[in-house]
$ cat coords.txt   # compact mmCIF, C-alpha atoms
# COMPACT_ATOMS: atom_id res chain seq x y z
CA MET I 1 95.40 141.08 83.76
CA ARG I 2 95.89 138.36 81.17
CA LEU I 3 98.12 136.55 83.65
CA LEU I 4 95.38 136.63 86.27
CA ASN I 5 92.75 135.42 83.82
CA ARG I 6 94.94 132.53 82.77
CA MET I 7 95.59 131.61 86.39
CA LEU I 8 91.85 131.59 87.01
CA VAL I 9 91.35 129.32 84.00
CA ILE I 10 93.99 126.89 85.32
CA VAL I 11 92.35 126.85 88.76
CA SER I 12 88.97 126.27 87.13
CA ILE I 13 90.32 123.30 85.17
CA GLY I 14 91.73 121.79 88.36
CA LEU I 15 88.46 122.43 90.18
CA ALA I 16 86.41 120.85 87.41
CA LEU I 17 88.62 117.77 87.28
CA GLY I 18 88.55 117.41 91.07
CA VAL I 19 84.78 117.75 91.25
CA GLY I 20 84.52 115.29 88.36
CA GLN I 21 86.62 112.75 90.22
CA SER I 22 84.51 113.34 93.31
CA MET I 23 81.32 112.58 91.37
CA PHE I 24 82.93 109.53 89.80
CA HIS I 25 83.93 108.32 93.24
CA HIS I 26 80.42 108.82 94.60
CA LEU I 27 79.00 106.88 91.67
CA TYR I 28 81.40 103.96 91.61
CA ALA I 29 82.46 103.65 95.24
CA PRO I 30 79.47 104.81 97.25
CA ASP I 31 80.38 102.39 100.05
CA ARG I 32 83.77 104.01 100.46
CA PRO I 33 83.07 107.72 100.92
CA ILE I 34 86.03 109.98 101.47
CA ARG I 35 85.75 111.33 105.00
CA THR I 36 87.87 112.35 107.91
CA GLU I 37 85.55 112.05 110.89
CA VAL I 38 84.45 108.80 112.49
CA ARG I 39 80.71 108.30 112.16
CA LEU I 40 79.20 105.52 114.19
CA GLY I 41 75.74 104.23 114.71
CA PRO I 42 74.42 104.23 118.24
CA VAL I 43 75.77 100.79 118.97
CA ALA I 44 78.16 100.18 116.10
CA ALA I 45 81.24 101.06 118.10
CA MET I 46 80.14 99.30 121.18
CA GLY I 47 80.30 95.73 122.17
CA PRO I 48 79.48 94.11 125.45
CA VAL I 49 82.59 93.14 127.24
CA THR I 50 83.12 89.93 129.08
CA PRO I 51 85.18 91.02 132.02
CA ALA I 52 87.96 88.76 133.09
CA ALA I 53 87.51 87.31 136.55
CA PRO I 54 87.55 88.57 139.20
CA LEU I 55 86.13 91.80 137.73
CA SER I 56 82.38 92.09 137.69
CA PRO I 57 80.51 93.45 134.68
CA THR I 58 79.95 96.67 136.57
CA SER I 59 83.56 97.00 137.59
CA PRO I 60 84.60 100.64 137.68
CA GLU I 61 87.41 99.75 135.30
CA LEU I 62 84.89 98.88 132.64
CA THR I 63 82.09 101.32 133.23
CA GLY I 64 84.05 104.16 134.74
CA THR I 65 85.69 107.26 133.43
CA GLY I 66 87.55 107.67 130.20
CA SER I 67 84.89 106.20 128.01
CA SER I 68 83.16 109.20 126.61
CA ASP I 69 80.94 107.25 124.24
CA ALA I 70 80.04 104.58 126.75
CA ALA I 71 76.37 104.10 127.34
CA PRO I 72 74.34 101.38 128.96
CA THR I 73 72.96 100.41 125.61
CA PRO I 74 71.29 97.03 125.39
CA ALA I 75 73.58 94.62 123.71
CA GLY I 76 73.01 93.38 120.20
CA GLY I 77 71.16 96.33 118.75
CA GLY I 78 72.06 98.28 115.64
CA GLY I 79 75.42 97.51 114.12
CA GLY I 80 76.73 95.49 117.04
CA ALA I 81 76.12 92.31 115.13
CA ALA I 82 77.94 89.91 117.37
CA GLY I 83 77.25 91.81 120.50
CA SER I 84 74.67 89.79 122.29
CA GLY I 85 76.54 86.57 122.49
CA THR I 86 79.65 87.69 124.25
CA GLY I 87 78.25 89.50 127.24
CA ALA I 88 77.69 88.63 130.85
CA PRO I 89 76.65 85.15 131.85
CA ALA I 90 73.08 84.24 131.05
CA GLY I 91 70.70 85.23 133.79
CA ALA I 92 73.07 87.71 135.32
CA ALA I 93 71.20 90.56 136.90
CA ALA I 94 73.79 93.17 136.08
CA PRO I 95 73.65 94.69 132.61
CA ALA I 96 76.48 93.86 130.27
CA ALA I 97 79.28 96.34 130.59
CA VAL I 98 79.55 98.31 127.41
CA LEU I 99 82.55 100.22 126.23
CA GLY I 100 82.41 103.18 123.91
CA LEU I 101 84.71 104.11 121.09
CA ASP I 102 87.31 105.72 123.33
CA ILE I 103 88.65 103.55 126.10
CA SER I 104 91.19 104.09 128.83
CA ILE I 105 94.34 102.08 129.49
CA PRO I 106 92.71 100.06 132.33
CA GLN I 107 89.74 99.24 130.12
CA ALA I 108 92.05 98.20 127.30
CA PHE I 109 94.01 96.05 129.71
CA VAL I 110 90.82 94.24 130.74
CA LEU I 111 90.17 93.46 127.09
CA PHE I 112 93.78 92.39 126.69
CA GLN I 113 93.46 89.98 129.62
CA GLN I 114 90.31 88.47 128.19
CA GLY I 115 92.11 87.50 125.03
CA GLY I 116 90.51 87.01 121.64
CA ILE I 117 90.43 90.72 120.90
CA MET I 118 93.00 91.97 118.45
CA PHE I 119 95.07 95.06 119.14
CA LEU I 120 96.11 97.12 116.12
CA ASP I 121 99.04 99.52 116.21
CA ALA I 122 98.48 102.46 113.85
CA ARG I 123 101.90 104.02 114.29
CA ARG I 124 104.89 103.92 111.96
CA LYS I 125 106.73 100.66 111.36
CA ASP I 126 109.88 101.78 113.18
CA GLU I 127 107.84 102.83 116.18
CA PHE I 128 106.04 99.49 116.20
CA GLU I 129 109.25 97.52 116.03
CA ALA I 130 110.74 99.51 118.89
CA GLY I 131 107.87 98.48 121.14
CA HIS I 132 104.19 97.61 120.92
CA VAL I 133 101.37 96.01 122.87
CA ASP I 134 102.19 92.33 123.18
CA GLY I 135 100.38 90.47 120.40
CA ALA I 136 99.39 93.60 118.48
CA LEU I 137 99.55 93.80 114.69
CA LEU I 138 100.89 96.73 112.72
CA LEU I 139 98.33 98.41 110.48
CA SER I 140 97.91 102.01 109.43
CA THR I 141 95.96 103.82 106.74
CA GLU I 142 99.07 104.11 104.58
CA HIS I 143 98.96 100.36 104.02
CA PHE I 144 95.70 100.76 102.11
CA GLY I 145 97.07 102.93 99.31
CA ARG I 146 96.64 102.24 95.60
CA GLY I 147 93.71 99.91 96.11
CA THR I 148 95.71 97.23 97.91
CA ILE I 149 94.19 95.42 100.84
CA PRO I 150 96.75 94.64 103.55
CA ALA I 151 97.15 91.00 104.53
CA THR I 152 96.33 91.99 108.10
CA ILE I 153 92.69 92.44 107.12
CA GLY I 154 92.50 88.75 106.26
CA VAL I 155 93.36 87.61 109.78
CA LEU I 156 90.96 89.93 111.60
CA ASP I 157 87.56 88.74 112.78
CA LYS I 158 84.94 91.28 111.75
CA THR I 159 82.58 90.01 114.43
CA GLN I 160 84.99 90.85 117.22
CA PRO I 161 85.93 94.33 118.40
CA VAL I 162 89.41 95.54 117.63
CA VAL I 163 91.39 97.85 119.87
CA ILE I 164 93.36 100.47 117.97
CA TYR I 165 96.03 102.73 119.34
CA CYS I 166 98.67 105.16 118.15
CA GLY I 167 101.05 107.46 119.97
CA GLY I 168 98.42 109.04 122.18
CA GLY I 169 97.99 112.76 122.56
CA ALA I 170 96.66 114.43 119.44
CA CYS I 171 97.47 111.62 117.03
CA ASP I 172 94.73 110.97 114.47
CA ALA I 173 96.10 107.66 113.20
CA SER I 174 93.70 105.52 115.28
CA LYS I 175 90.61 107.43 114.16
CA ASN I 176 91.78 107.35 110.58
CA LEU I 177 92.24 103.60 110.76
CA VAL I 178 88.71 103.22 112.15
CA ILE I 179 87.39 105.07 109.09
CA MET I 180 89.43 102.87 106.78
CA LEU I 181 88.29 99.65 108.48
CA GLN I 182 84.67 100.75 108.28
CA ASN I 183 85.08 100.70 104.53
CA PHE I 184 85.96 97.03 104.84
CA GLY I 185 82.90 96.10 106.86
CA PHE I 186 84.26 96.34 110.38
CA THR I 187 81.80 97.80 112.83
CA ARG I 188 83.22 97.34 116.29
CA PHE I 189 86.15 99.41 117.43
CA HIS I 190 87.74 100.76 120.53
CA ILE I 191 90.43 103.41 120.49
CA MET I 192 92.94 103.31 123.31
CA THR I 193 93.14 107.09 123.38
CA ASP I 194 96.15 107.48 125.64
CA GLY I 195 98.16 105.40 123.22
CA PHE I 196 101.16 103.16 123.53
CA PRO I 197 103.27 105.45 125.74
CA ALA I 198 100.62 105.29 128.49
CA TRP I 199 100.27 101.51 128.07
CA GLN I 200 104.01 101.12 128.45
CA ALA I 201 104.13 103.51 131.40
CA ALA I 202 101.43 101.44 133.13
CA GLY I 203 103.74 98.44 132.98
CA HIS I 204 101.49 96.35 130.77
CA PRO I 205 102.93 93.64 128.49
CA VAL I 206 105.06 95.00 125.66
CA ALA I 207 106.85 93.26 122.81
CA THR I 208 109.40 94.40 120.25
CA GLY I 209 110.21 93.36 116.70
CA PRO I 210 108.32 93.15 113.44
CA SER I 211 104.62 92.51 113.08
CA PRO I 212 103.71 88.81 112.68
CA ILE I 213 101.61 89.83 109.68
CA ASP I 214 103.33 92.23 107.31
CA PRO I 215 100.72 94.83 106.36
CA GLU I 216 102.73 95.81 103.31
CA GLU I 217 101.85 92.48 101.76
CA GLY I 218 98.53 92.43 99.97
CA MET I 219 95.81 89.87 100.43
CA MET Z 1 111.21 150.10 93.90
CA SER Z 2 113.87 151.05 91.42
CA VAL Z 3 115.68 147.83 92.20
CA LEU Z 4 112.52 145.85 91.58
CA SER Z 5 111.79 147.61 88.34
CA SER Z 6 115.33 147.17 87.11
CA VAL Z 7 115.20 143.47 87.95
CA THR Z 8 111.86 143.14 86.27
CA SER Z 9 112.81 144.92 83.13
CA SER Z 10 116.23 143.39 82.80
CA SER Z 11 115.14 139.87 83.50
CA GLY Z 12 112.30 139.62 81.18
CA VAL Z 13 108.74 140.41 82.20
CA VAL Z 14 108.50 142.03 78.83
CA GLY Z 15 110.71 139.44 77.30
CA GLY Z 16 108.76 136.75 79.09
CA ARG Z 17 105.84 137.14 76.77
CA ASP Z 18 107.75 135.82 73.88
CA GLY Z 19 110.02 133.78 76.08
CA ALA Z 20 113.42 134.53 77.50
CA GLY Z 21 114.98 131.80 75.51
CA GLY Z 22 116.86 134.30 73.42
CA ARG Z 23 118.58 135.61 76.51
CA PRO Z 24 121.45 133.78 78.11
CA MET Z 25 119.57 133.68 81.42
CA GLY Z 26 116.60 132.08 79.70
CA TRP Z 27 118.32 128.73 79.78
CA LEU Z 28 118.24 128.89 83.56
CA VAL Z 29 114.45 128.87 83.44
CA LEU Z 30 114.23 125.54 81.65
CA PRO Z 31 115.59 123.37 84.49
CA LEU Z 32 113.51 125.33 86.99
CA ARG Z 33 110.43 124.70 84.88
CA LEU Z 34 111.14 121.00 84.47
CA LEU Z 35 112.03 120.48 88.14
CA LEU Z 36 109.14 122.45 89.63
CA GLY Z 37 106.58 121.24 87.11
CA GLY Z 38 107.79 117.66 87.37
CA LEU Z 39 107.61 117.78 91.16
CA PHE Z 40 104.04 119.03 91.03
CA VAL Z 41 102.97 116.43 88.49
CA PHE Z 42 104.53 113.72 90.66
CA ALA Z 43 102.93 115.09 93.83
CA GLY Z 44 99.52 115.25 92.13
CA VAL Z 45 99.76 111.72 90.74
CA MET Z 46 100.75 110.31 94.13
CA LYS Z 47 97.85 112.06 95.84
CA VAL Z 48 95.18 111.32 93.29
CA GLN Z 49 95.90 107.61 93.64
CA ASP Z 50 95.04 107.70 97.31
CA THR Z 51 92.49 110.41 97.94
CA GLN Z 52 91.47 109.06 101.34
CA ASN Z 53 94.96 109.23 102.80
CA PHE Z 54 95.45 112.70 101.33
CA ALA Z 55 92.19 113.75 102.99
CA PHE Z 56 93.56 112.43 106.28
CA ALA Z 57 96.73 114.45 105.70
CA VAL Z 58 94.81 117.67 104.98
CA HIS Z 59 92.59 117.02 107.98
CA GLY Z 60 95.71 116.62 110.13
CA PHE Z 61 96.49 120.32 109.66
CA LYS Z 62 93.24 121.12 111.53
CA LEU Z 63 92.58 124.19 109.39
CA MET Z 64 89.33 123.32 107.61
CA PRO Z 65 85.99 121.67 108.31
CA GLU Z 66 85.48 118.18 106.95
CA HIS Z 67 83.55 119.11 103.77
CA LEU Z 68 86.26 121.54 102.71
CA VAL Z 69 88.93 118.96 103.51
CA VAL Z 70 87.22 116.48 101.20
CA LEU Z 71 86.87 119.09 98.44
CA ALA Z 72 90.54 120.01 98.80
CA ALA Z 73 91.52 116.34 98.73
CA PHE Z 74 89.82 115.94 95.37
CA VAL Z 75 90.78 119.27 93.77
CA LEU Z 76 94.36 119.96 94.89
CA PRO Z 77 95.96 116.91 93.24
CA TRP Z 78 94.36 117.76 89.89
CA LEU Z 79 95.36 121.39 90.21
CA GLU Z 80 98.92 120.31 90.93
CA MET Z 81 98.95 117.96 87.94
CA VAL Z 82 97.43 120.47 85.52
CA ALA Z 83 99.63 123.38 86.57
CA GLY Z 84 102.71 121.13 86.75
CA ALA Z 85 102.13 119.66 83.29
CA MET Z 86 101.53 123.12 81.79
CA LEU Z 87 104.75 124.34 83.38
CA VAL Z 88 106.77 121.43 82.00
CA LEU Z 89 105.33 121.86 78.53
CA GLY Z 90 105.56 125.64 78.66
CA ILE Z 91 101.87 126.32 78.11
CA TRP Z 92 100.76 129.55 79.77
CA THR Z 93 104.03 129.21 81.61
CA ARG Z 94 103.87 132.34 83.74
CA ALA Z 95 100.27 131.69 84.74
CA SER Z 96 100.94 128.07 85.68
CA ALA Z 97 104.03 129.14 87.65
CA GLY Z 98 101.86 131.74 89.36
CA VAL Z 99 99.30 129.12 90.34
CA ILE Z 100 102.04 126.83 91.62
CA GLY Z 101 103.62 129.70 93.53
CA LEU Z 102 100.33 130.64 95.18
CA MET Z 103 99.55 127.01 96.03
CA THR Z 104 102.99 126.59 97.57
CA LEU Z 105 102.49 129.81 99.48
CA GLY Z 106 99.25 128.40 100.87
CA PHE Z 107 100.99 125.15 101.81
CA LEU Z 108 103.74 127.18 103.46
CA GLY Z 109 101.14 129.01 105.54
CA GLY Z 110 99.70 125.67 106.67
CA ILE Z 111 103.16 124.34 107.51
CA ILE Z 112 104.05 127.42 109.56
CA SER Z 113 100.73 127.24 111.42
CA VAL Z 114 101.43 123.59 112.27
CA ILE Z 115 104.88 124.49 113.59
CA VAL Z 116 103.52 127.43 115.60
CA ARG Z 117 100.83 125.20 117.13
CA GLY Z 118 103.41 122.56 117.98
CA MET Z 119 101.54 119.80 116.18
CA ASP Z 120 103.05 116.48 115.13
CA VAL Z 121 101.75 116.21 111.56
CA LYS Z 122 103.10 114.43 108.52
CA CYS Z 123 103.33 116.40 105.30
CA SER Z 124 102.18 113.75 102.81
CA CYS Z 125 103.24 116.27 100.18
CA PHE Z 126 104.35 113.50 97.84
CA GLY Z 127 102.07 110.74 99.03
CA LYS Z 128 104.07 107.93 100.55
CA PHE Z 129 107.36 109.50 99.54
CA GLU Z 130 109.15 112.02 101.68
CA PHE Z 131 111.88 114.15 100.18
CA PRO Z 132 113.95 116.04 100.87
CA CYS Z 133 112.32 116.37 104.29
CA GLU Z 134 111.41 113.27 106.27
CA GLY Z 135 109.23 112.79 109.31
CA ALA Z 136 106.95 115.32 110.93
CA ILE Z 137 106.57 118.82 109.53
CA GLY Z 138 109.43 121.11 110.52
CA TYR Z 139 111.67 123.87 109.31
CA CYS Z 140 113.01 121.71 106.49
CA HIS Z 141 109.54 121.91 104.94
CA VAL Z 142 109.53 125.69 105.34
CA VAL Z 143 112.84 126.01 103.51
CA ARG Z 144 111.76 123.58 100.78
CA ASN Z 145 108.54 125.50 100.13
CA ALA Z 146 110.34 128.84 100.23
CA VAL Z 147 112.76 127.57 97.58
CA MET Z 148 109.87 126.36 95.44
CA ILE Z 149 108.14 129.74 95.75
CA ALA Z 150 111.35 131.44 94.68
CA MET Z 151 111.59 129.10 91.67
CA ALA Z 152 108.02 129.88 90.70
CA GLY Z 153 108.72 133.59 91.14
CA VAL Z 154 111.69 133.43 88.80
CA ILE Z 155 109.60 131.74 86.12
CA VAL Z 156 106.80 134.30 86.49
CA LEU Z 157 109.32 137.09 86.10
CA TRP Z 158 111.51 135.62 83.35
CA GLY Z 159 108.91 133.86 81.29
CA PRO Z 160 108.95 130.40 79.78
CA GLY Z 161 112.53 130.17 78.54
CA PRO Z 162 113.49 127.81 75.72
CA LEU Z 163 111.67 124.66 74.61
CA ALA Z 164 108.28 126.02 75.59
CA ILE Z 165 105.06 125.79 73.61
CA ASP Z 166 104.44 129.41 74.61
CA ARG Z 167 107.51 130.48 72.61
CA GLU Z 168 106.70 128.31 69.65
CA SER Z 169 103.18 129.64 69.42
CA THR Z 170 104.37 133.24 69.30
CA LYS Z 171 106.99 132.76 66.59

$ encode --input "coords.txt" --output "structure tokens"
Amino acid sequence: MRLLNRMLVIVSIGLALGVGQSMFHHLYAPDRPIRTEVRLGPVAAMGPVTPAAPLSPTSPELTGTGSSDAAPTPAGGGGGAAGSGTGAPAGAAAPAAVLGLDISIPQAFVLFQQGGIMFLDARRKDEFEAGHVDGALLLSTEHFGRGTIPATIGVLDKTQPVVIYCGGGACDASKNLVIMLQNFGFTRFHIMTDGFPAWQAAGHPVATGPSPIDPEEGM
Amino acid sequence: MSVLSSVTSSSGVVGGRDGAGGRPMGWLVLPLRLLLGGLFVFAGVMKVQDTQNFAFAVHGFKLMPEHLVVLAAFVLPWLEMVAGAMLVLGIWTRASAGVIGLMTLGFLGGIISVIVRGMDVKCSCFGKFEFPCEGAIGYCHVVRNAVMIAMAGVIVLWGPGPLAIDRESTK
């Protein structure tokens, strides 16, 4: 009985310290809440997409299936700070094509062809070096440990959407990276849900070797 | 039953109260205590430095809703550190070994459930470090946790052994 009581006391001490750290965190880092689910405003994840010619803004590749969060939301509202300027040509009758958080391989490829949108690979370093989306940078949540800010953050444009991918399937690395980037003021994301294997299988451009920016270096 | 009772009585549940340091086998408990306690202190320190990534790791097991994941991410590292430090120092040794044993048993249950569900999940048991098992969770993790549970069990049964504050306080 004494053994059980002592075990309960030890658990209580751990619980008290953990709750204490939680309160401390809420007080001193309220902008960086600990969470595991992506929470987005109605437009925060979305950005109007300038389709590469000859695709039209209403091309099925952009507005079609695979984009569960896609909605014909007017551009520029809410958190989509830079949204309104990058859309369809002025005066175009068709609404700007809007992508949701989750995008398909064809939709990601359209963004890739447009250029100017960074692809982030959230897999392990060895996986990245074996093959990645051409031009992508390596960055995963593990690079943010111990309060360091990876150098990769410094080269990203917060006003532009970033496309994040991992190994596809049930991998959480992309979603986790979205949460981490939100803590650094990024608001526009797309997750290529089918991941790199599907990109590679589709025959899209692939590169090998180390990331041009080493995320293990701090800013 | 008789086997269990003979093991228990001969190996020091009774003797464990005042430490098994006087027994030859008591010296076996000391390295177990230092190794297991040290591992838990290290694991706790690594996790408490990066609560967000530990929360991601707990979430990866897909066993709890988000609010419980966050609570676990804050509490577990401290529990590991407290119990580990008490085990190393020999304070309430059997109780701290019991807590560590139960925690490890819980982790083992999570690991087995991940294997059964065929999930590709990283352990993150020691933060960024992976030893002795690398990569996704597999049978190596099962064996490692089973060994740790056995170590904790031995300490619960045999008591604190030598160089423990428990022993000093009862002299």

$ interface_residues --input "coords.txt" --of "chain Z" --to "chain I" --cutoff "6 Å" --atoms "all atoms listed in the file" --output "VMD selection string"
chain Z and resid 49 to 50 52 56 74 to 75 78 to 79 95 99

$ residues_around --input "coords.txt" --residues "Glu127 of chain I" --least-positions-apart "3" --cutoff "10 Å" --atoms "all atoms listed in the file" --output "PyMOL selection string"
chain I and resi 121-124+130-132+138+166-167+196+208-209

$ atom_distance --input "coords.txt" --atom1 "atom CA of Gly98 of chain Z" --atom2 "atom CA of Met151 of chain Z"
10.3 Å

$ atom_distance --input "coords.txt" --atom1 "atom CA of Gly26 of chain Z" --atom2 "atom CA of Pro162 of chain Z"
6.6 Å

$ atom_distance --input "coords.txt" --atom1 "atom CA of Phe109 of chain I" --atom2 "atom CA of Trp199 of chain I"
8.5 Å

$ residues_around --input "coords.txt" --residues "Ala57 of chain Z" --least-positions-apart "5" --cutoff "9 Å" --atoms "all atoms listed in the file" --output "NGL selection string"
:Z and (52 or 73 or 121-125)

$ residues_around --input "coords.txt" --residues "Phe184 of chain I" --least-positions-apart "5" --cutoff "10 Å" --atoms "only C-alpha atoms" --output "list of chain:residue names"
I:Asp31, I:Arg32, I:Ile149, I:Ile153, I:Lys158, I:Val178, I:Ile179

$ residues_around --input "coords.txt" --residues "Met118 of chain I" --least-positions-apart "5" --cutoff "7 Å" --atoms "only C-alpha atoms" --output "ChimeraX atom specification"
/I:136,162-163

$ closest_residue --input "coords.txt" --among "Z:Leu76, Z:Ile155, Z:Ile149, Z:Leu34" --to "Val48 of chain Z" --atoms "only C-alpha atoms"
Z:Leu76

$ residues_around --input "coords.txt" --residues "Gly110 of chain Z" --least-positions-apart "5" --cutoff "10 Å" --atoms "only C-alpha atoms" --output "PDB file with C-alpha atoms, in the coordinates of the input"
ATOM      1  CA  VAL Z  58      94.810 117.670 104.980  1.00  0.00           C
ATOM      2  CA  PHE Z  61      96.490 120.320 109.660  1.00  0.00           C
ATOM      3  CA  LYS Z  62      93.240 121.120 111.530  1.00  0.00           C
ATOM      4  CA  LEU Z  63      92.580 124.190 109.390  1.00  0.00           C
ATOM      5  CA  THR Z 104     102.990 126.590  97.570  1.00  0.00           C
ATOM      6  CA  LEU Z 105     102.490 129.810  99.480  1.00  0.00           C
ATOM      7  CA  ILE Z 115     104.880 124.490 113.590  1.00  0.00           C
ATOM      8  CA  VAL Z 116     103.520 127.430 115.600  1.00  0.00           C
ATOM      9  CA  VAL Z 142     109.530 125.690 105.340  1.00  0.00           C
TER      10      VAL Z 142
END
